[in-house]
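K.L.:
I'm passing along entry.cif; it holds mmCIF, C-alpha atoms.
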```cif
data_run
loop_
_atom_site.label_atom_id
_atom_site.label_comp_id
_atom_site.auth_asym_id
_atom_site.auth_seq_id
_atom_site.Cartn_x
_atom_site.Cartn_y
_atom_site.Cartn_z
CA MET A 1 76.45 81.31 91.19
CA PRO A 2 76.75 77.62 90.22
CA ASP A 3 73.96 76.05 88.20
CA VAL A 4 71.29 74.55 90.44
CA HIS A 5 71.13 71.32 88.43
CA SER A 6 74.86 70.75 88.88
CA LEU A 7 74.41 71.32 92.63
CA VAL A 8 71.65 68.72 92.72
CA ASN A 9 73.75 66.20 90.80
CA GLU A 10 76.74 66.84 93.04
CA CYS A 11 74.63 66.28 96.16
CA VAL A 12 73.13 63.08 94.72
CA THR A 13 76.62 61.79 93.95
CA LYS A 14 77.80 62.50 97.51
CA LEU A 15 74.86 60.60 98.96
CA LYS A 16 75.26 57.65 96.60
CA LYS A 17 78.98 57.30 97.27
CA ARG A 18 78.49 57.73 101.04
CA LYS A 19 80.77 60.77 101.07
CA VAL A 20 78.27 62.38 103.43
CA GLU A 21 76.84 60.14 106.14
CA GLY A 22 75.01 60.66 109.40
CA SER A 23 71.67 62.29 110.11
CA LYS A 24 72.97 65.76 110.92
CA ALA A 25 75.39 66.01 107.99
CA THR A 26 72.88 64.75 105.42
CA ALA A 27 70.07 66.89 106.85
CA LYS A 28 72.16 70.05 106.68
CA LEU A 29 73.38 69.23 103.17
CA THR A 30 69.80 68.69 101.99
CA ALA A 31 68.49 71.89 103.58
CA GLU A 32 71.28 74.02 102.09
CA LEU A 33 70.71 72.50 98.65
CA LEU A 34 66.96 73.14 98.77
CA ARG A 35 67.59 76.72 99.88
CA SER A 36 69.77 77.32 96.83
CA PHE A 37 67.27 75.54 94.59
CA ILE A 38 64.32 77.63 95.82
CA SER A 39 66.23 80.89 95.52
CA GLN A 40 66.96 80.19 91.83
CA GLN A 41 63.53 78.78 91.00
CA ARG A 42 61.37 80.90 88.67
CA LEU A 43 57.69 80.71 89.56
CA PRO A 44 54.65 81.33 87.34
CA HIS A 45 52.16 84.09 88.10
CA SER A 46 49.50 81.58 89.16
CA ASN A 47 49.67 78.62 91.53
CA GLN A 48 53.12 79.62 92.70
CA ALA A 49 53.10 77.44 95.82
CA GLY A 50 51.95 74.40 93.83
CA SER A 51 54.68 74.89 91.24
CA LEU A 52 57.32 75.29 93.95
CA ILE A 53 56.08 72.17 95.76
CA ASP A 54 56.23 70.11 92.55
CA ALA A 55 59.77 71.32 91.85
CA VAL A 56 60.96 70.54 95.37
CA LYS A 57 59.33 67.10 95.24
CA THR A 58 61.14 66.31 91.99
CA VAL A 59 64.50 67.19 93.54
CA GLY A 60 63.60 65.53 96.83
CA GLU A 61 62.75 62.26 95.10
CA LYS A 62 66.25 62.14 93.60
CA LEU A 63 67.90 62.89 96.93
CA ILE A 64 65.92 60.24 98.81
CA ALA A 65 66.58 57.60 96.15
CA ALA A 66 70.33 58.33 96.30
CA ASN A 67 70.58 56.86 99.81
CA PRO A 68 67.23 55.70 101.24
CA VAL A 69 68.83 54.65 104.53
CA GLU A 70 69.53 58.28 105.42
CA LEU A 71 65.99 59.06 106.54
CA ALA A 72 67.01 62.59 107.55
CA VAL A 73 67.16 63.54 103.86
CA GLY A 74 63.49 62.73 103.38
CA ASN A 75 62.65 64.41 106.68
CA VAL A 76 64.20 67.70 105.58
CA VAL A 77 62.52 67.54 102.16
CA ARG A 78 59.13 67.06 103.83
CA ARG A 79 59.88 69.87 106.30
CA VAL A 80 60.61 72.27 103.43
CA LEU A 81 57.41 71.21 101.66
CA HIS A 82 55.49 71.87 104.87
CA ILE A 83 57.15 75.29 105.16
CA ILE A 84 56.01 76.19 101.64
CA ARG A 85 52.42 75.20 102.45
CA GLU A 86 52.49 77.15 105.71
CA GLU A 87 53.87 80.32 104.15
CA ASP A 88 51.39 80.13 101.26
CA LEU A 89 48.51 79.68 103.71
CA SER A 90 49.73 82.61 105.77
CA LEU A 91 50.00 84.90 102.75
CA THR A 92 46.60 83.78 101.46
CA THR A 93 44.96 84.42 104.82
CA ALA A 94 46.49 87.91 104.99
CA ALA A 95 45.44 88.65 101.39
CA VAL A 96 41.85 87.58 102.03
CA GLY A 97 41.82 89.77 105.12
CA GLY A 98 43.09 92.73 103.11
CA LEU A 99 40.42 92.25 100.44
CA SER A 100 37.70 92.06 103.10
CA LEU A 101 38.97 95.26 104.68
CA ALA A 102 39.08 97.05 101.32
CA ALA A 103 35.53 95.94 100.41
CA GLU A 104 34.14 97.10 103.73
CA SER A 105 35.82 100.48 103.44
CA ASP A 106 34.24 101.02 99.99
CA ASP A 107 30.73 100.29 101.32
CA GLU A 108 31.01 102.38 104.48
CA ASP A 109 33.35 105.25 103.81
CA ASP A 110 32.08 107.34 106.71
CA THR A 111 32.05 104.54 109.26
CA GLU A 112 34.88 104.14 111.71
CA HIS A 113 36.37 100.65 111.36
CA ASP A 114 38.31 98.38 113.63
CA ASP A 115 42.02 97.95 112.91
CA HIS A 116 41.66 94.20 112.30
CA PRO A 117 40.40 92.95 108.88
CA VAL A 118 37.18 90.98 108.59
CA LEU A 119 37.99 87.44 107.49
CA SER A 120 35.77 85.04 105.64
CA ALA A 121 34.72 81.75 107.21
CA SER A 122 37.21 79.79 105.12
CA ALA A 123 40.01 82.16 106.03
CA VAL A 124 39.14 81.93 109.73
CA ALA A 125 39.16 78.13 109.50
CA ALA A 126 42.51 78.20 107.74
CA ALA A 127 43.89 80.52 110.38
CA ALA A 128 42.63 78.18 113.08
CA ARG A 129 44.42 75.26 111.46
CA ASN A 130 47.53 77.37 111.17
CA ALA A 131 47.36 78.22 114.88
CA LEU A 132 47.87 74.56 115.75
CA ARG A 133 51.25 74.57 114.03
CA PRO A 134 54.48 76.41 114.84
CA PRO A 135 54.16 80.06 113.69
CA SER A 136 55.96 80.96 110.50
CA LEU A 137 58.44 83.80 110.23
CA GLN A 138 55.90 85.89 108.33
CA THR A 139 53.32 85.42 111.10
CA LEU A 140 55.80 86.46 113.77
CA LEU A 141 57.17 89.56 112.10
CA GLU A 142 54.12 91.19 110.59
CA ASP A 143 50.37 91.11 110.93
CA ILE A 144 49.46 92.11 107.34
CA PRO A 145 51.87 92.46 104.43
CA HIS A 146 52.31 96.00 103.20
CA SER A 147 51.36 94.89 99.69
CA VAL A 148 47.82 93.99 100.81
CA ALA A 149 47.41 96.35 103.75
CA ALA A 150 47.60 99.42 101.54
CA PRO A 151 44.40 99.71 99.45
CA HIS A 152 45.00 100.04 95.74
CA THR A 153 43.92 103.36 94.26
CA SER A 154 42.06 103.24 90.98
CA SER A 155 44.20 104.52 88.11
CA SER A 156 42.98 106.57 85.21
CA GLY A 157 44.43 104.29 82.52
CA GLY A 158 44.22 100.57 81.87
CA ASP A 159 47.98 100.39 81.30
CA SER A 160 48.79 101.62 84.77
CA GLU A 161 46.27 99.19 86.26
CA GLY A 162 47.89 96.29 84.34
CA LYS A 163 51.33 97.37 85.53
CA SER A 164 50.01 97.53 89.09
CA LYS A 165 48.63 93.97 88.89
CA SER A 166 51.89 92.73 87.41
CA ALA A 167 53.85 94.44 90.14
CA ASP A 168 51.57 92.89 92.79
CA LYS A 169 52.12 89.40 91.34
CA ASN A 170 55.88 89.87 91.33
CA SER A 171 55.70 91.18 94.89
CA VAL A 172 53.74 88.13 96.04
CA THR A 173 56.22 85.82 94.29
CA ARG A 174 59.15 87.51 95.98
CA LYS A 175 57.30 87.47 99.29
CA LEU A 176 56.63 83.71 99.13
CA LYS A 177 60.20 82.85 98.17
CA HIS A 178 61.61 85.27 100.74
CA ASN A 179 59.51 83.80 103.56
CA VAL A 180 60.31 80.23 102.57
CA ILE A 181 64.04 80.92 102.37
CA GLU A 182 63.99 82.64 105.76
CA ALA A 183 62.19 79.66 107.28
CA VAL A 184 64.70 77.24 105.68
CA ASN A 185 67.50 79.35 107.19
CA GLU A 186 65.90 78.83 110.58
CA LEU A 187 65.71 75.11 109.88
CA ILE A 188 69.43 75.01 109.03
CA GLN A 189 70.18 76.90 112.23
CA ASP A 190 68.12 74.42 114.25
CA ILE A 191 69.97 71.49 112.69
CA SER A 192 73.34 73.10 113.42
CA THR A 193 72.54 73.82 117.08
CA CYS A 194 70.49 70.72 117.95
CA HIS A 195 73.32 69.25 120.07
CA GLU A 196 73.54 72.37 122.21
CA GLN A 197 69.77 72.68 122.65
CA ILE A 198 69.49 69.06 123.78
CA ALA A 199 72.54 69.36 126.04
CA GLU A 200 70.95 72.28 127.91
CA GLN A 201 68.42 69.83 129.36
CA ALA A 202 71.04 67.43 130.75
CA VAL A 203 71.02 68.88 134.26
CA GLU A 204 67.30 68.07 134.56
CA HIS A 205 67.83 64.36 133.93
CA ILE A 206 71.26 63.44 135.32
CA HIS A 207 71.82 63.62 139.07
CA HIS A 208 74.65 63.07 141.53
CA ASN A 209 76.20 59.61 141.95
CA GLU A 210 74.21 58.07 139.10
CA VAL A 211 75.53 55.48 136.68
CA ILE A 212 74.73 56.07 133.00
CA LEU A 213 75.00 53.42 130.28
CA THR A 214 75.38 54.14 126.57
CA LEU A 215 76.42 52.19 123.49
CA GLY A 216 78.54 53.17 120.52
CA SER A 217 79.36 56.78 119.71
CA SER A 218 76.98 59.71 119.43
CA ARG A 219 77.96 63.36 119.50
CA THR A 220 74.55 64.24 120.94
CA VAL A 221 75.09 61.85 123.84
CA MET A 222 78.64 63.11 124.38
CA GLU A 223 77.54 66.77 124.54
CA PHE A 224 74.64 65.80 126.81
CA LEU A 225 76.90 64.02 129.31
CA CYS A 226 79.57 66.72 129.21
CA ALA A 227 76.95 69.42 129.81
CA ALA A 228 75.89 67.62 132.99
CA LYS A 229 79.53 67.41 134.04
CA GLU A 230 79.94 71.16 133.53
CA LYS A 231 77.01 71.70 135.88
CA LYS A 232 79.01 69.98 138.63
CA ARG A 233 77.13 66.69 138.38
CA SER A 234 79.24 63.77 139.60
CA PHE A 235 78.36 60.50 137.87
CA ARG A 236 79.88 57.49 136.11
CA VAL A 237 79.43 56.33 132.52
CA PHE A 238 79.48 52.75 131.22
CA VAL A 239 80.21 52.67 127.49
CA ALA A 240 79.43 49.48 125.55
CA GLU A 241 82.01 49.29 122.79
CA GLY A 242 79.56 48.91 119.90
CA ALA A 243 81.08 46.04 117.91
CA PRO A 244 82.04 45.50 115.16
CA ARG A 245 83.02 49.12 114.51
CA TYR A 246 83.91 49.74 118.17
CA GLN A 247 82.83 53.37 118.08
CA GLY A 248 82.37 53.23 121.84
CA HIS A 249 86.15 53.26 122.24
CA ALA A 250 86.35 56.75 120.71
CA LEU A 251 83.47 57.99 122.87
CA ALA A 252 85.06 56.60 126.04
CA LYS A 253 88.37 58.32 125.27
CA GLU A 254 86.61 61.64 124.64
CA LEU A 255 84.59 61.41 127.86
CA ALA A 256 87.66 60.53 129.91
CA ALA A 257 89.57 63.40 128.32
CA ARG A 258 86.82 65.77 129.47
CA GLY A 259 86.95 64.55 133.05
CA LEU A 260 84.15 61.98 133.25
CA GLN A 261 84.61 58.67 135.06
CA THR A 262 84.24 56.19 132.21
CA THR A 263 84.21 52.40 132.03
CA VAL A 264 84.31 50.46 128.75
CA ILE A 265 82.41 47.15 128.65
CA THR A 266 81.78 44.62 125.93
CA ASP A 267 78.36 44.48 124.28
CA SER A 268 77.79 41.00 125.68
CA ALA A 269 78.30 42.35 129.23
CA VAL A 270 75.33 44.70 129.07
CA PHE A 271 72.94 42.29 130.80
CA ALA A 272 75.54 41.61 133.51
CA MET A 273 76.10 45.34 134.23
CA ILE A 274 72.60 46.76 133.72
CA SER A 275 71.55 46.09 137.33
CA ARG A 276 74.10 48.71 138.47
CA VAL A 277 72.82 51.34 136.05
CA ASN A 278 70.38 54.17 136.87
CA MET A 279 69.64 55.24 133.30
CA VAL A 280 70.41 54.31 129.70
CA ILE A 281 71.03 57.31 127.41
CA VAL A 282 71.53 56.67 123.70
CA GLY A 283 71.37 58.46 120.36
CA ALA A 284 69.19 57.58 117.38
CA HIS A 285 69.44 57.38 113.63
CA ALA A 286 65.74 58.19 113.19
CA VAL A 287 62.52 58.29 115.20
CA MET A 288 59.50 56.86 113.40
CA ALA A 289 55.90 58.09 113.59
CA ASN A 290 54.88 55.34 116.03
CA GLY A 291 57.67 56.25 118.46
CA GLY A 292 59.92 53.40 117.33
CA VAL A 293 63.63 54.11 116.98
CA ILE A 294 66.07 53.24 114.20
CA ALA A 295 69.33 53.04 116.14
CA PRO A 296 72.84 51.59 115.81
CA VAL A 297 72.92 47.81 115.90
CA GLY A 298 72.92 46.39 119.41
CA LEU A 299 70.62 48.95 121.00
CA ASN A 300 67.58 46.68 120.90
CA MET A 301 69.47 44.28 123.16
CA VAL A 302 70.28 47.16 125.51
CA ALA A 303 66.63 48.27 125.54
CA LEU A 304 65.46 44.75 126.39
CA ALA A 305 67.97 44.57 129.23
CA ALA A 306 66.82 47.96 130.53
CA GLN A 307 63.17 46.89 130.46
CA ARG A 308 63.99 43.62 132.24
CA HIS A 309 65.66 45.53 135.09
CA ALA A 310 63.24 48.54 135.08
CA VAL A 311 65.97 50.98 134.01
CA PRO A 312 64.79 54.11 132.14
CA PHE A 313 65.74 54.04 128.45
CA VAL A 314 66.19 57.63 127.19
CA VAL A 315 66.68 58.51 123.50
CA LEU A 316 68.26 61.80 122.39
CA ALA A 317 67.22 62.98 118.92
CA GLY A 318 67.15 66.29 117.11
CA VAL A 319 63.90 67.35 115.47
CA HIS A 320 65.39 66.64 112.02
CA LYS A 321 65.45 62.94 112.96
CA LEU A 322 61.68 62.78 113.47
CA CYS A 323 60.30 60.79 110.54
CA PRO A 324 56.55 60.89 109.65
CA LEU A 325 56.63 57.36 108.23
CA TYR A 326 55.89 54.06 109.94
CA PRO A 327 58.32 51.10 110.02
CA HIS A 328 56.03 49.00 107.83
CA ASN A 329 55.89 51.61 105.05
CA PRO A 330 57.18 50.14 101.75
CA GLU A 331 58.86 53.48 100.99
CA ASP A 332 61.26 52.93 103.89
CA LEU A 333 64.58 51.18 103.75
CA LEU A 334 65.37 50.89 107.41
CA ASN A 335 68.63 48.97 107.32
CA GLU A 336 71.70 48.25 105.29
CA LEU A 337 74.42 45.61 105.41
CA LYS A 338 77.96 46.77 106.01
CA SER A 339 81.09 45.14 104.66
CA PRO A 340 81.88 41.63 105.95
CA SER A 341 85.50 42.78 106.36
CA GLU A 342 84.46 44.52 109.59
CA LEU A 343 83.95 41.04 111.06
CA LEU A 344 86.42 38.84 109.18
CA ASP A 345 89.44 39.50 107.00
CA PHE A 346 88.95 38.59 103.37
CA GLY A 347 91.94 36.23 103.61
CA GLU A 348 90.02 34.06 106.04
CA PHE A 349 87.37 33.32 103.42
CA SER A 350 89.78 31.27 101.30
CA ASP A 351 89.49 28.39 103.77
CA CYS A 352 85.70 28.50 103.60
CA LEU A 353 85.15 28.01 99.85
CA ASP A 354 83.73 24.76 98.49
CA PHE A 355 86.08 24.09 95.58
CA GLY A 356 84.78 20.53 95.28
CA SER A 357 81.51 21.73 93.78
CA GLY A 358 83.34 23.57 91.01
CA THR A 359 81.55 26.86 91.73
CA GLY A 360 83.68 28.01 94.62
CA SER A 361 80.59 29.13 96.54
CA PRO A 362 81.28 30.05 100.17
CA LEU A 363 80.22 27.81 103.01
CA LEU A 364 80.55 30.71 105.44
CA HIS A 365 78.31 33.78 105.18
CA VAL A 366 78.65 37.06 107.08
CA VAL A 367 75.72 39.34 107.91
CA ASN A 368 76.67 42.76 109.28
CA PRO A 369 73.59 45.01 109.70
CA ALA A 370 74.07 48.66 110.52
CA PHE A 371 70.88 49.40 112.49
CA ASP A 372 68.45 47.98 115.02
CA TYR A 373 64.77 48.76 115.44
CA VAL A 374 63.72 49.57 119.02
CA PRO A 375 59.91 49.41 119.44
CA PRO A 376 58.23 52.30 121.29
CA ASN A 377 57.22 50.17 124.29
CA LEU A 378 60.92 49.86 125.21
CA VAL A 379 61.52 53.65 125.21
CA SER A 380 60.91 55.62 128.41
CA LEU A 381 61.53 59.18 127.18
CA PHE A 382 62.55 61.15 124.11
CA ILE A 383 64.60 64.32 124.57
CA THR A 384 64.54 66.62 121.53
CA ASP A 385 65.34 70.25 120.80
CA THR A 386 61.88 71.16 122.12
CA GLY A 387 62.07 69.22 125.40
CA GLY A 388 61.21 65.80 126.77
CA HIS A 389 58.33 63.78 125.31
CA ASN A 390 56.72 60.42 125.94
CA PRO A 391 56.73 57.94 123.03
CA SER A 392 52.93 58.20 122.80
CA TYR A 393 53.25 61.94 122.08
CA MET A 394 55.70 61.64 119.20
CA TYR A 395 52.98 61.30 116.55
CA ARG A 396 51.54 64.66 117.62
CA LEU A 397 54.95 66.31 117.61
CA ILE A 398 55.66 64.92 114.16
CA ALA A 399 52.27 66.18 112.89
CA ASP A 400 53.38 69.74 113.75
CA TYR A 401 56.32 69.55 111.35
CA TYR A 402 54.96 67.63 108.36
CA SER A 403 51.95 67.68 106.06
CA ALA A 404 50.00 64.51 105.32
CA ASP A 405 50.18 65.37 101.59
CA ASP A 406 53.97 65.02 101.61
CA LEU A 407 54.45 61.60 103.20
CA VAL A 408 55.26 60.13 99.78
CA VAL A 409 57.72 62.42 97.99
CA ARG A 410 57.19 61.88 94.29
CA GLY A 411 57.68 64.36 91.48
CA LYS A 412 54.83 65.33 89.19
CA SER A 413 56.26 63.47 86.21
CA ALA A 414 56.72 60.29 88.29
CA SER A 415 53.20 60.38 89.64
#
```
What would you get if you wrote out this structure as structure tokens?

P.N.:
Amino acid sequence: MPDVHSLVNECVTKLKKRKVEGSKATAKLTAELLRSFISQQRLPHSNQAGSLIDAVKTVGEKLIAANPVELAVGNVVRRVLHIIREEDLSLTTAAVGGLSLAAESDDEDDTEHDDHPVLSASAVAAAARNALRPPSLQTLLEDIPHSVAAPHTSSSGGDSEGKSKSADKNSVTRKLKHNVIEAVNELIQDISTCHEQIAEQAVEHIHHNEVILTLGSSRTVMEFLCAAKEKKRSFRVFVAEGAPRYQGHALAKELAARGLQTTVITDSAVFAMISRVNMVIVGAHAVMANGGVIAPVGLNMVALAAQRHAVPFVVLAGVHKLCPLYPHNPEDLLNELKSPSELLDFGEFSDCLDFGSGTGSPLLHVVNPAFDYVPPNLVSLFITDTGGHNPSYMYRLIADYYSADDLVVRGKSAS
């Protein structure tokens, strides 16, 4: 098995050099790396969850700093941290319940007891908080771990009692890591199948003889439209080309190849064509905590056109794109500038240099941003793996997947 530190360095290098780009690819890479890191992590006998959280934060800080624009990396790191907290809370609640059951059985040996353990007030409160969140794998598969459900018998020697305690600690360590790894496996599976889960909802939103507008290229949007086509929906698609990278051309070719009536339009024609459109369906780079969307450049213009003509603006986004941060957070880097060569050839710059000043400074500047920010008031509906949601509900959905203690990912040494 390769050394975990070399895996981390390799992943950081890929992110820095942009060898892996896109929300899904970076999210899956991060989740697989953290799974390997956790499986090889050695935990102390005490405060195991805290030690694991600190270790994951240290690695996560490096990954986020490697390419801050890929917000999905930070999202996955925070999801894994939340998983660790959830699994630790679940094991602690079960352990407290087992101790309460054992204490009650010692006091009333001849009394017939209920099958459920008696929980303390703090444990009940913790369980109530846990009930508001998605159930963990440990909660779904078993009510009480075998290690705490079976009462410990008193041994005749102190050595055997010490060995029993040591064995219990090792069992709890293995249990925590096992549960966390299983939950991370589920997360990786969700990331891998997010397109299919979103596409299953297409037939509920696209109807006969409608005209759909999209911009640029998004695999989620493509699978969504093709799923509606497979359900015998007859509709047309307008694809804005998405200059300057013109990714809409590739999407239009793919849609036409799969039997959809497709029309390519220029980005500047969106306002002219929007009155014929029934719905705008687009992908997203990230969805912020306030319901705002970080999307490919040009989509804010499309959203404004849709609002002006009362056309629903629908955003498709996997759960791994939900970001618990707000656009004004200083930890965020929401945009990046692409190469000017996508707009102008470098040879054209030679005619735009001021050689008279002696510095050769350019008189012509090129700004080529990669993303737009679409405010939540321009979004009509979000469609995620878990269904359709209004923008006002996104903060609650995000709260189910992240802990408030993990919004700023910073290792123990850095803090």

K.L.:
List, as a count of residues only, every residue that the PyMOL selection byres ((chain A and resi 308) around 12) selects in the file provided.

P.N.:
18

K.L.:
As a check of understanding, name the residues that the PyMOL selection byres ((chain A and resi 17-19) around 12) selects in the supplied structure, as a PyMOL selection string.

P.N.:
chain A and resi 10-16+20-22+25-26+29+66-70

K.L.:
Could you save those same residues with C-alpha atoms as an mmCIF file, in the frame of the given file?

P.N.:
```cif
data_model
loop_
_atom_site.group_PDB
_atom_site.id
_atom_site.type_symbol
_atom_site.label_atom_id
_atom_site.label_comp_id
_atom_site.auth_asym_id
_atom_site.auth_seq_id
_atom_site.Cartn_x
_atom_site.Cartn_y
_atom_site.Cartn_z
ATOM 1 C CA GLU A 10 76.740 66.840 93.040
ATOM 2 C CA CYS A 11 74.630 66.280 96.160
ATOM 3 C CA VAL A 12 73.130 63.080 94.720
ATOM 4 C CA THR A 13 76.620 61.790 93.950
ATOM 5 C CA LYS A 14 77.800 62.500 97.510
ATOM 6 C CA LEU A 15 74.860 60.600 98.960
ATOM 7 C CA LYS A 16 75.260 57.650 96.600
ATOM 8 C CA VAL A 20 78.270 62.380 103.430
ATOM 9 C CA GLU A 21 76.840 60.140 106.140
ATOM 10 C CA GLY A 22 75.010 60.660 109.400
ATOM 11 C CA ALA A 25 75.390 66.010 107.990
ATOM 12 C CA THR A 26 72.880 64.750 105.420
ATOM 13 C CA LEU A 29 73.380 69.230 103.170
ATOM 14 C CA ALA A 66 70.330 58.330 96.300
ATOM 15 C CA ASN A 67 70.580 56.860 99.810
ATOM 16 C CA PRO A 68 67.230 55.700 101.240
ATOM 17 C CA VAL A 69 68.830 54.650 104.530
ATOM 18 C CA GLU A 70 69.530 58.280 105.420
#
```

K.L.:
Axis-aligned box over every listed atom of range 224-229 of chain A, padded by 8 Å per side: centre and edges in Å to one decimal, as JSON?

P.N.:
```
{"center_x": 77.1, "center_y": 66.7, "center_z": 130.4, "size_x": 20.9, "size_y": 21.4, "size_z": 23.2}
```

K.L.:
Which residues are close to Val409 in chain A, i.e. within 12 Å by all atoms listed in the file, leaving aside same-chain residues fewer than 5 positions away? Reply as a PyMOL selection string.

P.N.:
chain A and resi 53-65+73-82+324-325+331-332+402-404+414-415

K.L.:
For His205 in chain A, which residue out of A:Met279, A:Leu91, A:Leu34, A:Val287 is the nearest one, using all atoms listed in the file?

P.N.:
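Checking each candidate against His205 in chain A, we get A:Met279 as the closest.
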
K.L.:
For CA of Arg174 in chain A and CA of Ile398 in chain A, determine how far apart the two atoms are, in Å to one decimal place.

P.N.:
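Between CA of Arg174 in chain A and CA of Ile398 in chain A the gap is 29.2 Å.
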
K.L.:
Show which residues sit within 10 Å of Arg42 in chain A, as a compact mmCIF listing (two decimals) with C-alpha atoms, in the frame of the given file. Count all atoms listed in the file, and ignore same-chain residues fewer than 6 positions away.

P.N.:
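Printed below is part21.txt as written:
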```
# COMPACT_ATOMS: atom_id res chain seq x y z
CA GLN A 48 53.12 79.62 92.70
CA SER A 51 54.68 74.89 91.24
CA LEU A 52 57.32 75.29 93.95
CA THR A 173 56.22 85.82 94.29
CA LYS A 177 60.20 82.85 98.17
```

K.L.:
Could you give me, as an MDAnalysis selection string, the residues within 6 Å of Glu210 in chain A, counting only C-alpha atoms and dropping anything in the same chain fewer than 2 positions from it?

P.N.:
chainID A and resid 208 235 278

K.L.:
Take the residues just selected and output them with C-alpha atoms as an mmCIF file, in the frame of the given file.

P.N.:
```cif
data_model
loop_
_atom_site.group_PDB
_atom_site.id
_atom_site.type_symbol
_atom_site.label_atom_id
_atom_site.label_comp_id
_atom_site.auth_asym_id
_atom_site.auth_seq_id
_atom_site.Cartn_x
_atom_site.Cartn_y
_atom_site.Cartn_z
ATOM 1 C CA HIS A 208 74.650 63.070 141.530
ATOM 2 C CA PHE A 235 78.360 60.500 137.870
ATOM 3 C CA ASN A 278 70.380 54.170 136.870
#
```
